[in-house]
Amino acid sequence: MNIKWRTYLTYEQLTYLLLFLFPIAGMLVPGWITNIYNLLFLVGLFYLRRRKQPLCKEDRIFLLICAIYVAIFFLSALVNGWEPIQTHRLGTELRFWMVIPIYLLVREQKDAWRWYLFGGLLGIVFIFTQSYYEVHWEHLSTAWGAYSKNIIGPFAALLGFYALYLWRSQASAFLKTAIVLCFLLAMLATAMSGSRGAYIGFIAMTITWLLFTMRKRWMVTFLLLAAVLAGVIYNHSVIVKSGVNRALNSFVVYFHTPDIVHADISDDSTEIHMEMWRAARYFFPDHPIFGVGPGNYHATAEKYAAEGKVNPAIAMHTHPHNIFLEDLYSKGIIGFISILLLLYYPFYILYKTRRRSPMSASLGMVHIIGISAFSLFDHSPITKNNYSSILLLGIALFFSHHLNRIQERESEHA
């Protein structure tokens, strides 16, 4: 008897394995998020010649937006004078090109999203365990994971809502119960992160999820339950209570300070974020089209601080801690439009076609709304390799999954 042993993985199997590992290993080992994303890019490159499925108009527009987004980086950097800082940032920017073969790969692997989400369930368990250990055993003020609180918190929140999507698609009572427990663990891990962006993102995703997945008669009930649960966590978590109170107090203080330019602003406060927003009155009029150049925020903020226009505290940072301000300041109006298109063109298509596949549309919309909310207090989704990988992989998976579901339903009714 001749037995032929398979000693290799198919493209499909390798893709599923990498997607399954992404949310599990990503938060535990530094660099794994980036490395797995890179491997998916390589798999996608090799898979290009095997592709069979033609692209629809929505696919082509999204991929074109990704290409234009990176092209604008080069344009702004060249117009403002290419410096070593642009070379340093090039690797992260190129990830927005690298998503193109990844998208084409997962567009044909119909179960790609499922492996990513099931990996997310285990990822939640590991993230919660790590967060609990750091806060209650190592007595850290917040959970940091392999990177920082501003990544582990938002990622835990995202995984929690991915779990809700699985909950709606599973028939087994055992699996439904396990998924609910995972969602609660994700909420607790988010709370222990102390990330303000994660808290705002969780609220935004909750509202989005309720609007697009719940029937109206259940919506108020679930909203009240979510509010009660959030209140319980607030009252019993020192991390959450102190973080929320500090942010609210800083917000009030900022608008009641008569001379904010010369005020003493804490480095980790809402005041400094508000001042970075106010700086737009100088950044944008002076550099409206191409911005100040990627990576040149710090030098320009120092200039405005020396002129007495902005508080010197914002010049101590290399970024304005907001992806929309980051692209507006560094790449001008063309950069600002490009990030809006990258996020909200898929959102527009998902919303427009939501009635043809409600659940897949809601999954993609929740991902985009969550990232948008996190990004109000963090620049990392477009300037850090790990965070940009989370952003781009999620959009690629869920946008392609939704388009696949629409095509499947159209073929069923043909």
# chains A, B, ... in the order shown; residues from 1 in each chain; ligands from 1

call {"tool": "residues_around", "arguments": {"residues": "region 107-111 of chain A", "least_positions_apart": "3", "cutoff": "12 Å", "atoms": "only C-alpha atoms", "output": "JSON, numbers by chain"}}
result
{"A": [10, 11, 12, 13, 14, 15, 16, 17, 19, 20, 44, 47, 48, 50, 51, 52, 53, 54, 55, 56, 59, 99, 100, 101, 102, 103, 104, 114, 115, 116, 117, 118, 393, 395, 396, 397, 398, 399, 400, 401, 402, 403, 404, 405, 407, 408]}

call {"tool": "write_last_selection", "arguments": {"atoms": "C-alpha atoms", "output": "mmCIF file, in the first residue's frame"}}
result
data_model
loop_
_atom_site.group_PDB
_atom_site.id
_atom_site.type_symbol
_atom_site.label_atom_id
_atom_site.label_comp_id
_atom_site.auth_asym_id
_atom_site.auth_seq_id
_atom_site.Cartn_x
_atom_site.Cartn_y
_atom_site.Cartn_z
ATOM 1 C CA THR A 10 -2.197 24.665 1.725
ATOM 2 C CA TYR A 11 -2.608 28.427 1.284
ATOM 3 C CA GLU A 12 -6.019 28.141 2.880
ATOM 4 C CA GLN A 13 -4.806 26.210 5.925
ATOM 5 C CA LEU A 14 -1.833 28.512 6.461
ATOM 6 C CA THR A 15 -4.065 31.562 6.221
ATOM 7 C CA TYR A 16 -6.505 30.144 8.766
ATOM 8 C CA LEU A 17 -3.694 29.174 11.143
ATOM 9 C CA LEU A 19 -5.489 34.335 11.570
ATOM 10 C CA PHE A 20 -6.305 32.044 14.486
ATOM 11 C CA GLY A 44 -1.050 36.819 -0.088
ATOM 12 C CA TYR A 47 -1.371 33.427 -3.707
ATOM 13 C CA LEU A 48 -1.895 36.227 -6.259
ATOM 14 C CA ARG A 50 -3.790 31.432 -8.006
ATOM 15 C CA ARG A 51 -6.659 33.877 -7.614
ATOM 16 C CA LYS A 52 -9.800 32.993 -9.521
ATOM 17 C CA GLN A 53 -12.494 35.304 -8.205
ATOM 18 C CA PRO A 54 -12.980 38.578 -10.111
ATOM 19 C CA LEU A 55 -13.118 41.785 -8.091
ATOM 20 C CA CYS A 56 -16.261 43.824 -7.808
ATOM 21 C CA ASP A 59 -13.170 45.801 -3.926
ATOM 22 C CA VAL A 99 -2.995 45.019 3.087
ATOM 23 C CA ILE A 100 -3.766 44.767 -0.655
ATOM 24 C CA PRO A 101 -2.519 41.165 -1.158
ATOM 25 C CA ILE A 102 -3.874 40.280 2.299
ATOM 26 C CA TYR A 103 -7.300 41.516 1.244
ATOM 27 C CA LEU A 104 -7.145 39.599 -2.025
ATOM 28 C CA ARG A 114 -14.393 32.647 11.422
ATOM 29 C CA TRP A 115 -10.878 31.484 12.339
ATOM 30 C CA TYR A 116 -9.924 35.000 13.378
ATOM 31 C CA LEU A 117 -12.963 35.319 15.634
ATOM 32 C CA PHE A 118 -12.561 31.904 17.250
ATOM 33 C CA LEU A 393 -6.563 43.235 9.091
ATOM 34 C CA ILE A 395 -11.192 45.950 7.757
ATOM 35 C CA ALA A 396 -9.832 43.480 5.193
ATOM 36 C CA LEU A 397 -11.473 40.497 6.897
ATOM 37 C CA PHE A 398 -14.856 41.969 7.690
ATOM 38 C CA PHE A 399 -15.332 44.035 4.520
ATOM 39 C CA SER A 400 -14.440 41.053 2.336
ATOM 40 C CA HIS A 401 -16.626 38.758 4.474
ATOM 41 C CA HIS A 402 -19.608 41.062 3.974
ATOM 42 C CA LEU A 403 -19.097 41.238 0.206
ATOM 43 C CA ASN A 404 -18.825 37.439 0.112
ATOM 44 C CA ARG A 405 -22.078 37.081 2.040
ATOM 45 C CA GLN A 407 -22.589 37.474 -3.387
ATOM 46 C CA GLU A 408 -23.589 34.159 -1.795
#

call {"tool": "select_by_dssp", "arguments": {"residues": "region 71-198 of chain A", "states": "alpha helix (DSSP H)", "output": "ChimeraX atom specification"}}
result
/A:71-80,84-93,95-108,112-132,149-169,173-193,196-198

call {"tool": "closest_atom_pairs", "arguments": {"of": "region 36-152 of chain A", "to": "region 342-351 of chain A", "cutoff": "8 Å", "atoms": "only C-alpha atoms", "output": "CSV"}}
result
residue,atom,partner,partner_atom,distance
A:Glu58,CA,A:Ile349,CA,7.8
A:Phe62,CA,A:Pro346,CA,7.2
A:Ile65,CA,A:Leu342,CA,6.1
A:Cys66,CA,A:Leu342,CA,6.6
A:Tyr69,CA,A:Leu342,CA,7.7

call {"tool": "write_last_selection", "arguments": {"atoms": "C-alpha atoms", "output": "PDB file, in the first residue's frame"}}
result
ATOM      1  CA  GLU A  58     -16.309  47.946  -4.146  1.00  0.00           C
ATOM      2  CA  PHE A  62     -11.134  50.075  -1.468  1.00  0.00           C
ATOM      3  CA  ILE A  65      -7.911  54.037  -1.530  1.00  0.00           C
ATOM      4  CA  CYS A  66      -5.218  52.004   0.248  1.00  0.00           C
ATOM      5  CA  TYR A  69      -3.181  56.657   1.171  1.00  0.00           C
TER       6      TYR A  69
END

call {"tool": "residues_around", "arguments": {"residues": "region 156-168 of chain A", "least_positions_apart": "5", "cutoff": "10 Å", "atoms": "only C-alpha atoms", "output": "MDAnalysis selection string"}}
result
chainID A and resid 23 27 113:114 116:125 127:128 151 173 175:191 193 198:199 201:203 205:206 209 213 359:360 362:364 366:368 370:371 390 394

call {"tool": "closest_atom_pairs", "arguments": {"of": "region 165-277 of chain A", "to": "region 324-331 of chain A", "cutoff": "12 Å", "atoms": "only C-alpha atoms", "output": "JSON lines"}}
result
{"residue": "A:His273", "atom": "CA", "partner": "A:Leu325", "partner_atom": "CA", "distance": 10.5}
{"residue": "A:Met274", "atom": "CA", "partner": "A:Leu325", "partner_atom": "CA", "distance": 11.4}
{"residue": "A:Glu275", "atom": "CA", "partner": "A:Leu325", "partner_atom": "CA", "distance": 11.7}
{"residue": "A:Met276", "atom": "CA", "partner": "A:Leu325", "partner_atom": "CA", "distance": 8.3}
{"residue": "A:Trp277", "atom": "CA", "partner": "A:Leu325", "partner_atom": "CA", "distance": 7.3}

call {"tool": "write_last_selection", "arguments": {"atoms": "N, CA and C atoms", "output": "PDB file, in the first residue's frame"}}
result
ATOM      1  N   HIS A 273      -4.745  66.893  25.265  1.00  0.00           N
ATOM      2  CA  HIS A 273      -5.403  66.464  24.034  1.00  0.00           C
ATOM      3  C   HIS A 273      -6.259  67.596  23.455  1.00  0.00           C
ATOM      4  N   MET A 274      -6.958  68.331  24.316  1.00  0.00           N
ATOM      5  CA  MET A 274      -7.766  69.447  23.847  1.00  0.00           C
ATOM      6  C   MET A 274      -6.882  70.548  23.254  1.00  0.00           C
ATOM      7  N   GLU A 275      -5.736  70.785  23.844  1.00  0.00           N
ATOM      8  CA  GLU A 275      -4.820  71.802  23.317  1.00  0.00           C
ATOM      9  C   GLU A 275      -4.253  71.379  21.962  1.00  0.00           C
ATOM     10  N   MET A 276      -4.036  70.089  21.788  1.00  0.00           N
ATOM     11  CA  MET A 276      -3.587  69.605  20.478  1.00  0.00           C
ATOM     12  C   MET A 276      -4.657  69.836  19.419  1.00  0.00           C
ATOM     13  N   TRP A 277      -5.931  69.717  19.803  1.00  0.00           N
ATOM     14  CA  TRP A 277      -7.012  70.034  18.880  1.00  0.00           C
ATOM     15  C   TRP A 277      -7.016  71.530  18.560  1.00  0.00           C
TER      16      TRP A 277
END

call {"tool": "closest_residue", "arguments": {"among": "A:Val43, A:Ile152, A:Ile333, A:Leu229", "to": "Pro30 (chain A)", "atoms": "only C-alpha atoms"}}
result
A:Ile152

call {"tool": "atom_distance", "arguments": {"atom1": "CA of Phe374 (chain A)", "atom2": "CA of Ile200 (chain A)"}}
result
6.9 Å

call {"tool": "residues_around", "arguments": {"residues": "Val310 (chain A)", "least_positions_apart": "5", "cutoff": "8 Å", "atoms": "only C-alpha atoms", "output": "list of chain:residue names"}}
result
A:Val261, A:Glu275, A:Ala279, A:Ala301, A:Tyr304, A:Ala305
